[in-house]
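Worksheet for the structure shown next.
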Amino acid sequence: MNDIDIINDILKGNNRKYELLVDAYQRQVMATCMGFVHHRDDAMDLTQEVFVKAYRALATFQGKASFATWIYRIAVNTCLEHLRKKKKKQTLWLFDQGNDRMEPSHTQTPQHEAEQNELQQQLQSAIDSLPENQRIAFVLSKYDELPQAEIARVMMMTEGAVESLLQRAKKNLQKKLSSLAKEF
Amino acid sequence: MNCSTFQQQIWNDASQLGFAEKKALTEHLNHCAECKAISHQVEAVQQLIDSEKNINTDAMMSQRIMNAIYAEPSPRNITWGNLSYKLMVAASVAVAIAIGTSLPILLNNNSSETTTTMNEMAYLDDVTLEGLDSWLIEP
């Protein structure tokens with residue numbers, strides 16, 4: 001049963017079939033969300049929001065793009081919307097940031113752990129500070145391991161444009177990371 | 001090969017390089033401090049990405065999503081029934097806008113437009129008369 005058949009069944013009223021789509025794409029959507037928010041609980045909430053949004057809009061899915069491309073688009077837009085809302089509450093967010101992000105491994109000494117945690121946050125900040133389009137292309141390429149052709153379909157641009165975005169993203173990251181060179 | 005090429009290889013997943021390319025890169029990293037530092041940075045970024053993208057989701061994640069879905073009304077299929085209703089609403093709005101924009105023009109007796117029309121009529125009259133004159137004279 002392909003995605004289109006599943007969607008047709010759901011639109012006929014068999015909403016239990018949606019679980020097939022959730023199981024098939026949950027991992028990819030979660031990876032995309034992690035790439036944007038770097039926090040497990042936030043990413044899980046966003047993953048749920050993405051699937052609910054997709055369900056509400058299912059009747060508008062025309063099958064011109066694959067369901068995967070469509071849901072990646074919803075995931076990217078939902079994450080960007082979440083980050084914009086969060087930016088408005090930045091003062092409060094910065095206060096909580098230390099506890100919010102991914103927890104470090106517990107197999108190291110406390111000092112090493114703290115250093116690793118700080119390094120991890122700096123790396124996350126470097127990714128987060130990329131311009132929006134570069135960041136989307138970078139997340140889809142590195143977190144979801146999508147080929148450039150698929151990224152181009154999700155972002156509705158040419159493959160050449162995506163390649164250029166990825167090159168610029170890597171250059172920008174390199175610049176930002178070079179200042180952290182001592183930490184490595 | 002120069003540093004720029006090696007740095008590109010580092011970013012484009014060095015593990016997928018061929019034997020000769022890999023050997024050249026390893027040799028280059030042994031004596032180029034700048035590329036070695038970049039290699040470490042890229043490795044750290046890749047480690048972060050791997051740890052984040054492979055994070056375990058809640059075992060009940062699917063169920064949690066499906067519970068949210070069951071609370072939603074069924075997604076409406078686009079049938080002719082609700083499509084024609086939407087078209088009717090859109091058509092009514094379009095007619096209302098058309099009436100709203102054209103009514104003041106129809107009702108408003110604009111003097112400048114009248115003048116133009118009168119001038120045009122006068123011009124036409126002259127032309128017609130000239131034509132008539134020539135027609136009257138020529139035969």
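We label chains A, B, ... in the order they appear in the structure tokens, count residues from 1 in each chain, and number ligands from 1 in the order shown.
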Please, which residues in chain A fall within 7 Å of chain B when counting only C-alpha atoms, and what is the closest atom pair and distance in Å to one decimal for each, ordered by chain then residue number, as a tab-separated table?
residue	atom	partner	partner_atom	distance
A:Leu11	CA	B:Asn77	CA	5.6
A:Gly13	CA	B:Ser74	CA	6.6
A:Glu19	CA	B:Met66	CA	6.6
A:Val22	CA	B:Ser62	CA	6.5
A:Asp23	CA	B:Ser62	CA	6.6
A:Ala31	CA	B:Lys53	CA	4.7
A:Met34	CA	B:Glu52	CA	6.2
A:His38	CA	B:Glu52	CA	6.8
A:Gln48	CA	B:Ile65	CA	5.3
A:Val52	CA	B:Ile69	CA	6.2
A:Tyr55	CA	B:Pro75	CA	6.7
A:Arg56	CA	B:Pro75	CA	5.5
A:Leu58	CA	B:Pro75	CA	6.3
A:Ala59	CA	B:Asn77	CA	5.0
A:Gln120	CA	B:Leu48	CA	6.8
A:Leu123	CA	B:Val45	CA	6.5
A:Tyr143	CA	B:Lys53	CA	5.8
A:Leu177	CA	B:Gln41	CA	6.7
A:Ala181	CA	B:Ala37	CA	6.6
A:Phe184	CA	B:His40	CA	6.6
- Near B:Ile10, counting only C-alpha atoms, which residues have an atom at most 12 Å away, once you skip same-chain residues fewer than 3 positions from it, shown as an NGL selection string? (:A and (170 or 174)) or (:B and (3-7 or 13-17 or 21-22 or 24-26 or 28-29 or 35-43 or 45-46))
- 10 Å contact set for A:Ile151, only C-alpha atoms, chain neighbours under 6 positions out, as a ChimeraX atom specification: /A:69,72-73,136-141,144-145,157-159,162-163
Restricting the output to N, CA, C and O atoms, write the selected residues as a PDB file, in the first residue's frame.
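Output saved as part15.pdb:
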ATOM      1  N   THR A  69       8.294  14.642   0.760  1.00  0.00           N
ATOM      2  CA  THR A  69       8.672  16.028   0.454  1.00  0.00           C
ATOM      3  C   THR A  69       7.712  16.990   1.152  1.00  0.00           C
ATOM      4  O   THR A  69       8.133  17.987   1.753  1.00  0.00           O
ATOM      5  N   TYR A  72       8.262  17.066   4.924  1.00  0.00           N
ATOM      6  CA  TYR A  72       9.507  17.792   5.244  1.00  0.00           C
ATOM      7  C   TYR A  72       9.253  19.298   5.198  1.00  0.00           C
ATOM      8  O   TYR A  72       9.747  20.039   6.032  1.00  0.00           O
ATOM      9  N   ARG A  73       8.470  19.728   4.193  1.00  0.00           N
ATOM     10  CA  ARG A  73       8.143  21.155   4.078  1.00  0.00           C
ATOM     11  C   ARG A  73       7.396  21.628   5.314  1.00  0.00           C
ATOM     12  O   ARG A  73       7.690  22.676   5.879  1.00  0.00           O
ATOM     13  N   ILE A 136      18.397  25.647   6.682  1.00  0.00           N
ATOM     14  CA  ILE A 136      17.437  24.622   6.227  1.00  0.00           C
ATOM     15  C   ILE A 136      18.172  23.589   5.370  1.00  0.00           C
ATOM     16  O   ILE A 136      18.052  22.378   5.593  1.00  0.00           O
ATOM     17  N   ALA A 137      18.955  24.078   4.396  1.00  0.00           N
ATOM     18  CA  ALA A 137      19.678  23.165   3.504  1.00  0.00           C
ATOM     19  C   ALA A 137      20.650  22.296   4.301  1.00  0.00           C
ATOM     20  O   ALA A 137      20.753  21.086   4.069  1.00  0.00           O
ATOM     21  N   PHE A 138      21.340  22.902   5.269  1.00  0.00           N
ATOM     22  CA  PHE A 138      22.321  22.175   6.077  1.00  0.00           C
ATOM     23  C   PHE A 138      21.639  21.088   6.923  1.00  0.00           C
ATOM     24  O   PHE A 138      22.090  19.949   6.966  1.00  0.00           O
ATOM     25  N   VAL A 139      20.527  21.444   7.567  1.00  0.00           N
ATOM     26  CA  VAL A 139      19.810  20.466   8.413  1.00  0.00           C
ATOM     27  C   VAL A 139      19.295  19.307   7.568  1.00  0.00           C
ATOM     28  O   VAL A 139      19.470  18.135   7.928  1.00  0.00           O
ATOM     29  N   LEU A 140      18.681  19.629   6.421  1.00  0.00           N
ATOM     30  CA  LEU A 140      18.135  18.559   5.576  1.00  0.00           C
ATOM     31  C   LEU A 140      19.249  17.674   5.012  1.00  0.00           C
ATOM     32  O   LEU A 140      19.069  16.475   4.835  1.00  0.00           O
ATOM     33  N   SER A 141      20.407  18.280   4.782  1.00  0.00           N
ATOM     34  CA  SER A 141      21.524  17.510   4.230  1.00  0.00           C
ATOM     35  C   SER A 141      22.204  16.655   5.304  1.00  0.00           C
ATOM     36  O   SER A 141      22.489  15.483   5.066  1.00  0.00           O
ATOM     37  N   ASP A 144      19.014  14.842   8.000  1.00  0.00           N
ATOM     38  CA  ASP A 144      18.122  13.905   7.312  1.00  0.00           C
ATOM     39  C   ASP A 144      18.827  13.151   6.192  1.00  0.00           C
ATOM     40  O   ASP A 144      18.233  12.255   5.594  1.00  0.00           O
ATOM     41  N   GLU A 145      20.053  13.558   5.908  1.00  0.00           N
ATOM     42  CA  GLU A 145      20.860  12.935   4.851  1.00  0.00           C
ATOM     43  C   GLU A 145      20.113  12.894   3.516  1.00  0.00           C
ATOM     44  O   GLU A 145      20.161  11.901   2.788  1.00  0.00           O
ATOM     45  N   MET A 157      13.493  25.001  -4.937  1.00  0.00           N
ATOM     46  CA  MET A 157      14.506  25.750  -5.682  1.00  0.00           C
ATOM     47  C   MET A 157      15.325  24.762  -6.523  1.00  0.00           C
ATOM     48  O   MET A 157      15.076  23.560  -6.448  1.00  0.00           O
ATOM     49  N   THR A 158      16.246  25.277  -7.291  1.00  0.00           N
ATOM     50  CA  THR A 158      17.015  24.387  -8.159  1.00  0.00           C
ATOM     51  C   THR A 158      18.110  23.672  -7.354  1.00  0.00           C
ATOM     52  O   THR A 158      18.504  24.139  -6.287  1.00  0.00           O
ATOM     53  N   GLU A 159      18.585  22.561  -7.918  1.00  0.00           N
ATOM     54  CA  GLU A 159      19.676  21.835  -7.263  1.00  0.00           C
ATOM     55  C   GLU A 159      20.931  22.704  -7.153  1.00  0.00           C
ATOM     56  O   GLU A 159      21.658  22.636  -6.163  1.00  0.00           O
ATOM     57  N   VAL A 162      20.682  24.907  -4.215  1.00  0.00           N
ATOM     58  CA  VAL A 162      20.902  24.168  -2.967  1.00  0.00           C
ATOM     59  C   VAL A 162      22.396  23.910  -2.760  1.00  0.00           C
ATOM     60  O   VAL A 162      22.918  24.082  -1.657  1.00  0.00           O
ATOM     61  N   GLU A 163      23.075  23.535  -3.835  1.00  0.00           N
ATOM     62  CA  GLU A 163      24.514  23.277  -3.734  1.00  0.00           C
ATOM     63  C   GLU A 163      25.241  24.531  -3.265  1.00  0.00           C
ATOM     64  O   GLU A 163      26.109  24.476  -2.379  1.00  0.00           O
TER      65      GLU A 163
END
- Pairwise distance for atom CA of A:Leu83 and atom CA of A:Asp128, rounded to one decimal in Å: 10.0 Å
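Among the candidate residues A:Gln124, A:Gly160, A:His112, A:Pro131, the one lying nearest to A:His39 is A:Gln124, with distances computed using only C-alpha atoms.
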- Task: Go ahead and compute the interatomic distance for atom CA of A:Ser178 and atom CA of A:Ile127, in Å to one decimal.
- Result: 13.3 Å
- Query: Among stretch 40-103 of chain B, which residues carry a DSSP assignment of alpha helix (DSSP H), reported as a VMD selection string?
  - Reply: chain B and resid 40 to 53 61 to 70 80 to 103
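Distances to A:Met44 were evaluated for A:Gln167, A:Gln62, A:Ser129, A:Gln28 using only C-alpha atoms, and the minimum falls at A:Gln28.
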